[in-house]
>>> print(open('work24.cif').read())   # mmCIF, C-alpha atoms
data_final
#
loop_
_atom_site.group_PDB
_atom_site.id
_atom_site.type_symbol
_atom_site.label_atom_id
_atom_site.label_comp_id
_atom_site.auth_asym_id
_atom_site.auth_seq_id
_atom_site.Cartn_x
_atom_site.Cartn_y
_atom_site.Cartn_z
ATOM 1 C CA MET N 1 38.386 -2.310 -11.006
ATOM 2 C CA SER N 2 36.965 -5.816 -11.386
ATOM 3 C CA ASN N 3 34.535 -6.806 -14.110
ATOM 4 C CA GLU N 4 31.827 -7.393 -11.483
ATOM 5 C CA THR N 5 32.250 -3.873 -10.065
ATOM 6 C CA LEU N 6 32.103 -2.396 -13.546
ATOM 7 C CA LYS N 7 28.853 -4.228 -14.215
ATOM 8 C CA ARG N 8 27.408 -3.035 -10.931
ATOM 9 C CA ASP N 9 28.389 0.574 -11.645
ATOM 10 C CA SER N 10 26.908 0.520 -15.121
ATOM 11 C CA LEU N 11 23.706 -0.996 -13.791
ATOM 12 C CA ARG N 12 23.574 1.692 -11.103
ATOM 13 C CA ASP N 13 23.808 4.367 -13.808
ATOM 14 C CA LEU N 14 21.226 2.631 -15.974
ATOM 15 C CA MET N 15 18.776 2.128 -13.126
ATOM 16 C CA LYS N 16 18.614 5.903 -12.638
ATOM 17 C CA GLU N 17 16.427 5.773 -15.732
ATOM 18 C CA SER N 18 13.971 3.374 -14.141
ATOM 19 C CA LEU N 19 11.907 5.932 -12.231
ATOM 20 C CA LEU N 20 8.665 6.359 -14.143
ATOM 21 C CA GLU N 21 6.442 9.393 -14.207
ATOM 22 C CA MET N 22 2.742 9.069 -13.493
ATOM 23 C CA PRO N 23 1.328 9.217 -17.021
ATOM 24 C CA PHE N 24 -2.063 10.635 -16.013
ATOM 25 C CA SER N 25 -1.815 14.389 -15.664
ATOM 26 C CA ASP N 26 -5.056 14.719 -13.681
ATOM 27 C CA PHE N 27 -4.059 12.068 -11.131
ATOM 28 C CA GLU N 28 -3.306 14.545 -8.348
ATOM 29 C CA SER N 29 -6.498 16.566 -8.725
ATOM 30 C CA ARG N 30 -8.664 13.441 -8.943
ATOM 31 C CA THR N 31 -7.090 11.836 -5.888
ATOM 32 C CA MET N 32 -7.238 15.098 -3.946
ATOM 33 C CA ARG N 33 -10.956 15.328 -4.715
ATOM 34 C CA PHE N 34 -11.487 11.843 -3.240
ATOM 35 C CA ILE N 35 -9.380 12.790 -0.211
ATOM 36 C CA LEU N 36 -11.496 15.877 0.430
ATOM 37 C CA ILE N 37 -14.733 13.867 0.100
ATOM 38 C CA GLU N 38 -13.321 11.308 2.543
ATOM 39 C CA ALA N 39 -12.290 14.062 4.969
ATOM 40 C CA GLY N 40 -15.787 15.573 4.782
ATOM 41 C CA SER N 41 -17.515 12.280 5.475
ATOM 42 C CA ARG N 42 -15.090 11.605 8.332
ATOM 43 C CA ALA N 43 -15.995 14.901 9.973
ATOM 44 C CA SER N 44 -19.711 14.151 9.814
ATOM 45 C CA ALA N 45 -19.064 10.570 10.965
ATOM 46 C CA ALA N 46 -17.230 11.921 14.030
ATOM 47 C CA LYS N 47 -20.335 13.930 14.968
ATOM 48 C CA ASP N 48 -22.572 10.887 14.471
ATOM 49 C CA LYS N 49 -20.155 8.759 16.489
ATOM 50 C CA LYS N 50 -20.845 10.761 19.654
ATOM 51 C CA LEU N 51 -24.595 10.542 19.190
ATOM 52 C CA SER N 52 -24.518 6.845 18.359
ATOM 53 C CA SER N 53 -22.454 6.098 21.494
ATOM 54 C CA ILE N 54 -24.969 7.959 23.659
ATOM 55 C CA PHE N 55 -27.911 6.109 22.116
ATOM 56 C CA PHE N 56 -26.055 2.801 22.343
ATOM 57 C CA VAL N 57 -25.592 3.230 26.091
ATOM 58 C CA LEU N 58 -29.146 4.555 26.560
ATOM 59 C CA GLY N 59 -30.630 1.656 24.619
ATOM 60 C CA ASN N 60 -28.670 -0.883 26.600
ATOM 61 C CA VAL N 61 -29.569 0.652 29.957
ATOM 62 C CA SER N 62 -33.285 0.931 29.143
ATOM 63 C CA GLY N 63 -33.284 -2.611 27.742
ATOM 64 C CA LEU N 64 -31.739 -3.900 30.922
ATOM 65 C CA LEU N 65 -34.239 -1.950 33.016
ATOM 66 C CA ILE N 66 -37.177 -3.389 31.070
ATOM 67 C CA ALA N 67 -35.756 -6.889 31.438
ATOM 68 C CA LEU N 68 -35.309 -6.399 35.180
ATOM 69 C CA LEU N 69 -38.813 -4.976 35.482
ATOM 70 C CA LEU N 70 -40.260 -7.934 33.685
ATOM 71 C CA LEU N 71 -38.379 -10.247 36.000
ATOM 72 C CA ASN N 72 -40.487 -9.002 38.878
ATOM 73 C CA THR N 73 -43.891 -9.063 37.136
ATOM 74 C CA ASN N 74 -46.141 -12.017 36.723
ATOM 75 C CA VAL N 75 -48.495 -10.622 34.059
ATOM 76 C CA ALA N 76 -49.422 -12.943 31.213
ATOM 77 C CA VAL N 77 -49.921 -11.243 27.803
ATOM 78 C CA GLU N 78 -52.116 -12.843 25.140
ATOM 79 C CA GLY N 79 -51.791 -16.227 26.782
ATOM 80 C CA LEU N 80 -47.965 -16.056 26.900
ATOM 81 C CA SER N 81 -46.503 -16.880 30.281
ATOM 82 C CA PRO N 82 -44.359 -14.211 32.027
ATOM 83 C CA TYR N 83 -41.405 -16.588 31.788
ATOM 84 C CA LEU N 84 -41.646 -16.713 27.973
ATOM 85 C CA ILE N 85 -41.994 -12.924 27.684
ATOM 86 C CA ARG N 86 -38.926 -12.451 29.881
ATOM 87 C CA LEU N 87 -36.951 -14.956 27.886
ATOM 88 C CA PHE N 88 -37.914 -13.279 24.621
ATOM 89 C CA CYS N 89 -36.941 -9.795 25.856
ATOM 90 C CA GLN N 90 -33.649 -10.933 27.350
ATOM 91 C CA GLY N 91 -32.789 -12.920 24.234
ATOM 92 C CA SER N 92 -33.534 -9.951 21.952
ATOM 93 C CA ILE N 93 -31.407 -7.595 24.050
ATOM 94 C CA ALA N 94 -28.520 -10.035 24.156
ATOM 95 C CA LEU N 95 -28.704 -10.593 20.390
ATOM 96 C CA LEU N 96 -28.874 -6.860 19.620
ATOM 97 C CA THR N 97 -25.945 -6.132 21.935
ATOM 98 C CA ILE N 98 -23.813 -8.839 20.311
ATOM 99 C CA LEU N 99 -24.657 -7.610 16.797
ATOM 100 C CA LEU N 100 -23.864 -3.999 17.688
ATOM 101 C CA CYS N 101 -20.584 -4.919 19.375
ATOM 102 C CA ASN N 102 -19.636 -7.029 16.377
ATOM 103 C CA SER N 103 -20.267 -4.218 13.901
ATOM 104 C CA LEU N 104 -18.362 -1.779 16.143
ATOM 105 C CA LEU N 105 -15.379 -4.146 16.303
ATOM 106 C CA ASN N 106 -15.434 -4.623 12.528
ATOM 107 C CA LYS N 107 -15.408 -0.881 11.985
ATOM 108 C CA MET N 108 -12.539 -0.422 14.440
ATOM 109 C CA ASN N 109 -10.467 -3.177 12.820
ATOM 110 C CA LYS N 110 -11.041 -1.716 9.371
ATOM 111 C CA HIS N 111 -9.164 1.405 10.438
ATOM 112 C CA LYS N 112 -6.255 -0.470 11.987
ATOM 113 C CA ILE N 113 -4.812 -2.309 9.012
ATOM 114 C CA TYR N 114 -1.583 -0.321 8.709
ATOM 115 C CA ASP N 115 -0.272 0.599 12.146
ATOM 116 C CA MET U 1 22.102 12.501 4.029
ATOM 117 C CA LEU U 2 21.103 16.116 4.632
ATOM 118 C CA ALA U 3 18.582 15.951 1.798
ATOM 119 C CA THR U 4 17.061 12.805 3.297
ATOM 120 C CA ARG U 5 16.760 14.408 6.696
ATOM 121 C CA THR U 6 15.123 17.462 5.175
ATOM 122 C CA SER U 7 12.568 15.430 3.235
ATOM 123 C CA GLN U 8 11.844 13.408 6.386
ATOM 124 C CA ASP U 9 11.334 16.628 8.333
ATOM 125 C CA MET U 10 8.988 17.903 5.653
ATOM 126 C CA ASP U 11 7.066 14.635 5.783
ATOM 127 C CA ASP U 12 6.692 14.990 9.551
ATOM 128 C CA ILE U 13 5.464 18.566 9.209
ATOM 129 C CA TYR U 14 2.823 17.582 6.651
ATOM 130 C CA VAL U 15 1.754 14.482 8.593
ATOM 131 C CA GLY U 16 1.182 16.811 11.548
ATOM 132 C CA LYS U 17 -0.833 19.236 9.400
ATOM 133 C CA VAL U 18 -3.104 16.489 8.050
ATOM 134 C CA LEU U 19 -3.611 15.037 11.525
ATOM 135 C CA LYS U 20 -4.538 18.470 12.842
ATOM 136 C CA GLY U 21 -7.419 18.497 10.364
ATOM 137 C CA ASP U 22 -6.028 20.042 7.179
ATOM 138 C CA PRO U 23 -6.728 17.468 4.436
ATOM 139 C CA THR U 24 -5.372 19.763 1.700
ATOM 140 C CA ALA U 25 -1.894 19.275 3.221
ATOM 141 C CA PHE U 26 -2.057 15.709 1.931
ATOM 142 C CA GLY U 27 -1.450 17.158 -1.534
ATOM 143 C CA TYR U 28 2.235 17.417 -0.568
ATOM 144 C CA PHE U 29 2.468 13.610 -0.371
ATOM 145 C CA LEU U 30 0.714 13.220 -3.712
ATOM 146 C CA THR U 31 3.230 15.496 -5.416
ATOM 147 C CA GLN U 32 6.197 14.001 -3.603
ATOM 148 C CA TYR U 33 5.489 10.276 -3.876
ATOM 149 C CA LYS U 34 3.171 9.672 -6.830
ATOM 150 C CA ASN U 35 5.976 8.834 -9.281
ATOM 151 C CA MET U 36 7.799 6.355 -7.028
ATOM 152 C CA ALA U 37 4.473 4.809 -5.995
ATOM 153 C CA TYR U 38 3.541 4.406 -9.658
ATOM 154 C CA THR U 39 6.983 2.929 -10.397
ATOM 155 C CA ILE U 40 6.519 0.352 -7.615
ATOM 156 C CA ALA U 41 3.002 -0.533 -8.767
ATOM 157 C CA ILE U 42 3.993 -0.928 -12.407
ATOM 158 C CA SER U 43 6.945 -3.146 -11.418
ATOM 159 C CA ILE U 44 4.437 -5.596 -9.967
ATOM 160 C CA LEU U 45 1.362 -5.154 -12.149
ATOM 161 C CA LYS U 46 2.923 -4.306 -15.553
ATOM 162 C CA ASP U 47 -0.210 -2.393 -16.559
ATOM 163 C CA GLU U 48 -0.369 1.379 -16.352
ATOM 164 C CA PHE U 49 -4.141 1.656 -15.827
ATOM 165 C CA VAL U 50 -4.273 -0.926 -13.033
ATOM 166 C CA ALA U 51 -1.127 0.590 -11.504
ATOM 167 C CA GLU U 52 -2.724 4.050 -11.461
ATOM 168 C CA GLU U 53 -5.835 2.656 -9.761
ATOM 169 C CA VAL U 54 -3.753 0.855 -7.149
ATOM 170 C CA VAL U 55 -1.683 3.963 -6.420
ATOM 171 C CA GLN U 56 -4.877 5.949 -5.900
ATOM 172 C CA ASP U 57 -6.192 3.270 -3.519
ATOM 173 C CA ALA U 58 -2.868 3.307 -1.675
ATOM 174 C CA PHE U 59 -3.020 7.086 -1.210
ATOM 175 C CA MET U 60 -6.573 6.786 0.100
ATOM 176 C CA LYS U 61 -5.512 4.052 2.511
ATOM 177 C CA ALA U 62 -2.545 6.122 3.672
ATOM 178 C CA PHE U 63 -4.856 9.079 4.319
ATOM 179 C CA ARG U 64 -7.306 6.931 6.279
ATOM 180 C CA ASN U 65 -4.586 5.298 8.357
ATOM 181 C CA LEU U 66 -2.300 8.284 8.849
ATOM 182 C CA ASP U 67 -3.148 8.455 12.558
ATOM 183 C CA ASN U 68 -1.738 4.921 12.879
ATOM 184 C CA PHE U 69 1.608 5.937 11.344
ATOM 185 C CA GLN U 70 3.906 5.781 14.344
ATOM 186 C CA ARG U 71 6.923 7.532 12.785
ATOM 187 C CA GLN U 72 9.270 4.677 13.707
ATOM 188 C CA SER U 73 10.148 4.387 10.043
ATOM 189 C CA LYS U 74 10.210 7.022 7.318
ATOM 190 C CA PHE U 75 6.880 8.044 5.831
ATOM 191 C CA SER U 76 8.101 6.891 2.412
ATOM 192 C CA THR U 77 8.915 3.392 3.737
ATOM 193 C CA TRP U 78 5.502 3.147 5.390
ATOM 194 C CA PHE U 79 3.725 4.397 2.291
ATOM 195 C CA TYR U 80 5.674 2.200 -0.146
ATOM 196 C CA ARG U 81 4.727 -0.778 2.012
ATOM 197 C CA ILE U 82 1.074 0.092 1.472
ATOM 198 C CA VAL U 83 1.654 0.456 -2.289
ATOM 199 C CA THR U 84 3.512 -2.874 -2.441
ATOM 200 C CA ASN U 85 0.837 -4.720 -0.440
ATOM 201 C CA GLU U 86 -1.972 -3.209 -2.493
ATOM 202 C CA SER U 87 -0.211 -4.126 -5.739
ATOM 203 C CA LEU U 88 0.482 -7.703 -4.651
ATOM 204 C CA MET U 89 -3.114 -8.068 -3.476
ATOM 205 C CA ARG U 90 -4.418 -6.737 -6.801
ATOM 206 C CA LEU U 91 -2.100 -9.086 -8.686
ATOM 207 C CA LYS U 92 -3.568 -11.984 -6.729
ATOM 208 C CA ILE U 93 -7.123 -10.845 -7.516
ATOM 209 C CA LEU U 94 -6.390 -10.411 -11.195
ATOM 210 C CA LYS U 95 -4.558 -13.741 -11.246
ATOM 211 C CA LYS U 96 -2.724 -12.205 -14.090
ATOM 212 C CA ASP U 97 -0.666 -14.553 -16.178
ATOM 213 C CA ILE U 98 2.547 -12.639 -16.141
ATOM 214 C CA LEU U 99 5.023 -14.777 -17.983
ATOM 215 C CA ASP U 100 8.231 -15.284 -16.129
ATOM 216 C CA PHE U 101 11.282 -14.191 -17.999
ATOM 217 C CA ASN U 102 13.240 -17.220 -19.095
ATOM 218 C CA PRO U 103 16.616 -16.184 -20.346
ATOM 219 C CA VAL U 104 18.114 -18.232 -23.137
ATOM 220 C CA TYR U 105 21.790 -19.222 -22.854
ATOM 221 C CA GLU U 106 21.860 -17.519 -19.496
ATOM 222 C CA GLU U 107 25.270 -18.633 -18.307
ATOM 223 C CA ASP U 108 27.066 -17.909 -21.602
ATOM 224 C CA ILE U 109 25.965 -14.310 -21.646
ATOM 225 C CA TRP U 110 26.726 -13.786 -17.994
ATOM 226 C CA ASP U 111 30.229 -15.197 -18.341
ATOM 227 C CA GLU U 112 31.019 -13.118 -21.390
ATOM 228 C CA GLY U 113 30.432 -9.939 -19.449
ATOM 229 C CA ILE U 114 28.216 -7.368 -21.044
ATOM 230 C CA ASP U 115 29.437 -4.053 -22.163
ATOM 231 C CA ILE U 116 26.494 -1.798 -21.454
ATOM 232 C CA ASP U 117 26.936 0.820 -24.096
ATOM 233 C CA ILE U 118 23.479 2.190 -24.756
ATOM 234 C CA MET U 119 22.851 5.484 -26.479
ATOM 235 C CA ALA U 120 21.572 8.092 -24.049
ATOM 236 C CA GLU U 121 18.262 8.558 -25.886
ATOM 237 C CA ASP U 122 17.556 4.799 -25.840
ATOM 238 C CA ARG U 123 18.401 4.294 -22.193
ATOM 239 C CA HIS U 124 15.044 5.153 -20.660
ATOM 240 C CA TYR U 125 13.081 2.986 -23.078
ATOM 241 C CA LEU U 126 15.438 -0.008 -22.937
ATOM 242 C CA VAL U 127 15.842 -0.027 -19.168
ATOM 243 C CA ASN U 128 12.093 0.119 -18.545
ATOM 244 C CA GLU U 129 11.326 -2.398 -21.257
ATOM 245 C CA ALA U 130 13.872 -4.797 -19.727
ATOM 246 C CA LEU U 131 12.367 -4.265 -16.269
ATOM 247 C CA ASN U 132 8.928 -4.933 -17.733
ATOM 248 C CA GLN U 133 10.145 -8.341 -18.874
ATOM 249 C CA LEU U 134 11.416 -9.355 -15.430
ATOM 250 C CA PRO U 135 9.124 -11.141 -12.950
ATOM 251 C CA PRO U 136 7.292 -8.705 -10.605
ATOM 252 C CA LYS U 137 9.417 -9.428 -7.541
ATOM 253 C CA GLU U 138 12.716 -8.981 -9.407
ATOM 254 C CA SER U 139 11.814 -5.687 -11.055
ATOM 255 C CA LEU U 140 10.436 -4.436 -7.739
ATOM 256 C CA VAL U 141 13.600 -5.315 -5.816
ATOM 257 C CA LEU U 142 15.853 -3.753 -8.470
ATOM 258 C CA ARG U 143 13.924 -0.500 -8.560
ATOM 259 C CA LEU U 144 13.635 -0.254 -4.782
ATOM 260 C CA PHE U 145 17.344 -0.909 -4.362
ATOM 261 C CA TYR U 146 18.648 1.529 -6.938
ATOM 262 C CA LEU U 147 16.043 4.255 -6.522
ATOM 263 C CA GLU U 148 15.847 4.157 -2.726
ATOM 264 C CA GLU U 149 19.356 4.700 -1.366
ATOM 265 C CA GLU U 150 20.486 1.138 -2.059
ATOM 266 C CA ARG U 151 19.507 -0.195 1.360
ATOM 267 C CA ILE U 152 18.560 -3.873 1.712
ATOM 268 C CA LYS U 153 16.999 -3.149 5.123
ATOM 269 C CA ALA U 154 14.590 -0.641 3.595
ATOM 270 C CA ILE U 155 13.517 -3.200 0.965
ATOM 271 C CA CYS U 156 12.866 -5.743 3.735
ATOM 272 C CA GLU U 157 10.725 -3.198 5.596
ATOM 273 C CA ILE U 158 8.745 -2.325 2.484
ATOM 274 C CA THR U 159 8.182 -5.836 1.177
ATOM 275 C CA GLY U 160 8.175 -7.816 4.428
ATOM 276 C CA TRP U 161 10.624 -10.320 2.902
ATOM 277 C CA SER U 162 13.687 -11.630 4.736
ATOM 278 C CA GLU U 163 17.149 -10.158 4.121
ATOM 279 C CA ALA U 164 18.402 -13.421 2.632
ATOM 280 C CA ASN U 165 15.421 -13.566 0.294
ATOM 281 C CA VAL U 166 15.983 -9.986 -0.868
ATOM 282 C CA LYS U 167 19.690 -10.624 -1.479
ATOM 283 C CA VAL U 168 18.968 -13.712 -3.578
ATOM 284 C CA LEU U 169 16.268 -11.877 -5.524
ATOM 285 C CA LEU U 170 18.574 -8.916 -6.093
ATOM 286 C CA HIS U 171 21.362 -11.132 -7.391
ATOM 287 C CA ARG U 172 19.009 -12.976 -9.741
ATOM 288 C CA ALA U 173 17.383 -9.718 -10.826
ATOM 289 C CA ARG U 174 20.728 -8.109 -11.723
ATOM 290 C CA LYS U 175 21.672 -11.119 -13.770
ATOM 291 C CA ASN U 176 18.333 -11.277 -15.590
ATOM 292 C CA MET U 177 18.382 -7.523 -16.147
ATOM 293 C CA PHE U 178 21.670 -7.755 -18.040
ATOM 294 C CA ILE U 179 20.319 -10.629 -20.101
ATOM 295 C CA ALA U 180 17.074 -8.811 -20.898
ATOM 296 C CA LEU U 181 19.037 -5.710 -21.901
ATOM 297 C CA HIS U 182 21.347 -7.769 -24.057
ATOM 298 C CA GLN U 183 18.406 -9.385 -25.859
ATOM 299 C CA LEU U 184 16.644 -6.072 -26.373
ATOM 300 C CA MET U 185 19.792 -4.493 -27.789
ATOM 301 C CA LYS U 186 20.214 -7.478 -30.087
ATOM 302 C CA LEU U 187 16.652 -7.048 -31.332
ATOM 303 C CA LYS U 188 17.251 -3.352 -31.905
ATOM 304 C CA THR U 189 20.338 -3.845 -34.086
#
>>> encode(input="work24.cif", output="structure tokens")
Amino acid sequence: MSNETLKRDSLRDLMKESLLEMPFSDFESRTMRFILIEAGSRASAAKDKKLSSIFFVLGNVSGLLIALLLLNTNVAVEGLSPYLIRLFCQGSIALLTILLCNSLLNKMNKHKIYD
Amino acid sequence: MLATRTSQDMDDIYVGKVLKGDPTAFGYFLTQYKNMAYTIAISILKDEFVAEEVVQDAFMKAFRNLDNFQRQSKFSTWFYRIVTNESLMRLKILKKDILDFNPVYEEDIWDEGIDIDIMAEDRHYLVNEALNQLPPKESLVLRLFYLEEERIKAICEITGWSEANVKVLLHRARKNMFIALHQLMKLKT
């Protein structure tokens, strides 16, 4: 057996000693407690997810309807021209939709780090 | 081989249980992998408290992302990758000044050939102390290689480093490990 092989074998034997034990005896119970809290919040988040999707769609549809309605009216409010009111409503809806989509995308990406 | 297949089967069973909505089944992974995860983290971070924190974060991340685990690799490989990434990220945040091990008279000692004759009761302490002196990447590669079936491919999957890089690191790590052991034994006598 060559010197190199001998060295490799002795290192192999020695390295069996390199596995360390977790020195904190309560590690498992602590981590499990966090896991269970996480699981609980996930379950309630799943319920909220359904509701939030429904309200997201409803909000968008009603916003669009209001914008369309305003498109066909020529009523001036407090001296503001119908054109300005329309522009304000459409701008607000567009901004809200973008912000909501952005936060949804961020949340989705957060859960797709390790795939 | 049979043992590996059995542990992989068990992993699959418990992954299934957790995904079906039984979070307590995740306890199996904690029991099974906490020591190796801690060993990986301490190889990189060299601090037991930070390593414990990182391992806990890694378990939480694994739990959150379990539905993304596609079972193309072993659960252990997937999980150790999370632990390694978390540890390297934490190391970057801490910007810890881990001094690189600079062996003195490196070539002389290597050429002499070292007779590793360590008393059984000193082995655990000396080996881990020597590994603690190595740079994070070298101690990580050594531990992964010798504790995880001695497969270069598995190390590449876990660390994301190329095969050539791992081989070079492994060679350098072996060499530095002998030197660190030699110096520690010299200090002891």
>>> resolve_selection(input="work24.cif", expression="the PyMOL selection byres ((chain U) within 6 of (chain N))", output="ChimeraX atom specification")
/U:35,39,68-69,124,128
>>> resolve_selection(input="work24.cif", expression="the PyMOL selection byres ((chain U and resi 42-48) around 9)", output="PyMOL selection string")
(chain N and resi 20+22-23) or (chain U and resi 37-41+49-53+84+87-88+90-91+96+98+131-141+143)
>>> residues_around(input="work24.cif", residues="Gly63 of chain N", least_positions_apart="3", cutoff="12 Å", atoms="only C-alpha atoms", output="ChimeraX atom specification")
/N:55-60,66-70,86,89-97
>>> atom_distance(input="work24.cif", atom1="atom CA of Ser41 of chain N", atom2="atom CA of Ser76 of chain U")
26.4 Å
>>> atom_distance(input="work24.cif", atom1="atom CA of Lys107 of chain N", atom2="atom CA of Lys74 of chain U")
27.2 Å
>>> atom_distance(input="work24.cif", atom1="atom CA of Phe145 of chain U", atom2="atom CA of Asp12 of chain U")
23.7 Å
>>> resolve_selection(input="work24.cif", expression="the PyMOL selection byres ((chain U and resi 59) around 10)", output="list in words")
Thr31, Met32, Phe34 and Ile35 of chain N; Phe26, Phe29, Leu30, Tyr33, Lys34, Ala37, Val54, Val55, Gln56, Asp57, Ala58, Met60, Lys61, Ala62, Phe63, Arg64, Asn65, Phe79, Ile82 and Val83 of chain U
>>> write_last_selection(input="work24.cif", atoms="C-alpha atoms", output="JSON list (two decimals), in the coordinates of the input")
[["chain", "number", "residue", "atom", "x", "y", "z"],
["N", 31, "THR", "CA", -7.09, 11.84, -5.89],
["N", 32, "MET", "CA", -7.24, 15.10, -3.95],
["N", 34, "PHE", "CA", -11.49, 11.84, -3.24],
["N", 35, "ILE", "CA", -9.38, 12.79, -0.21],
["U", 26, "PHE", "CA", -2.06, 15.71, 1.93],
["U", 29, "PHE", "CA", 2.47, 13.61, -0.37],
["U", 30, "LEU", "CA", 0.71, 13.22, -3.71],
["U", 33, "TYR", "CA", 5.49, 10.28, -3.88],
["U", 34, "LYS", "CA", 3.17, 9.67, -6.83],
["U", 37, "ALA", "CA", 4.47, 4.81, -6.00],
["U", 54, "VAL", "CA", -3.75, 0.86, -7.15],
["U", 55, "VAL", "CA", -1.68, 3.96, -6.42],
["U", 56, "GLN", "CA", -4.88, 5.95, -5.90],
["U", 57, "ASP", "CA", -6.19, 3.27, -3.52],
["U", 58, "ALA", "CA", -2.87, 3.31, -1.68],
["U", 60, "MET", "CA", -6.57, 6.79, 0.10],
["U", 61, "LYS", "CA", -5.51, 4.05, 2.51],
["U", 62, "ALA", "CA", -2.54, 6.12, 3.67],
["U", 63, "PHE", "CA", -4.86, 9.08, 4.32],
["U", 64, "ARG", "CA", -7.31, 6.93, 6.28],
["U", 65, "ASN", "CA", -4.59, 5.30, 8.36],
["U", 79, "PHE", "CA", 3.72, 4.40, 2.29],
["U", 82, "ILE", "CA", 1.07, 0.09, 1.47],
["U", 83, "VAL", "CA", 1.65, 0.46, -2.29]]
>>> axis_aligned_box(input="work24.cif", around="segment 37-48 of chain N", padding_each_side="5 Å", output="JSON")
{"center_x": -17.4, "center_y": 13.1, "center_z": 7.5, "size_x": 20.3, "size_y": 15.0, "size_z": 24.9}
>>> closest_residue(input="work24.cif", among="U:Ile158, U:Ala164, U:Leu144, U:Leu94", to="Thr77 of chain U", atoms="all atoms listed in the file")
U:Ile158
>>> closest_residue(input="work24.cif", among="U:Ala25, U:Tyr125, U:Thr31, U:Asp9", to="Asp26 of chain N", atoms="all atoms listed in the file")
U:Thr31
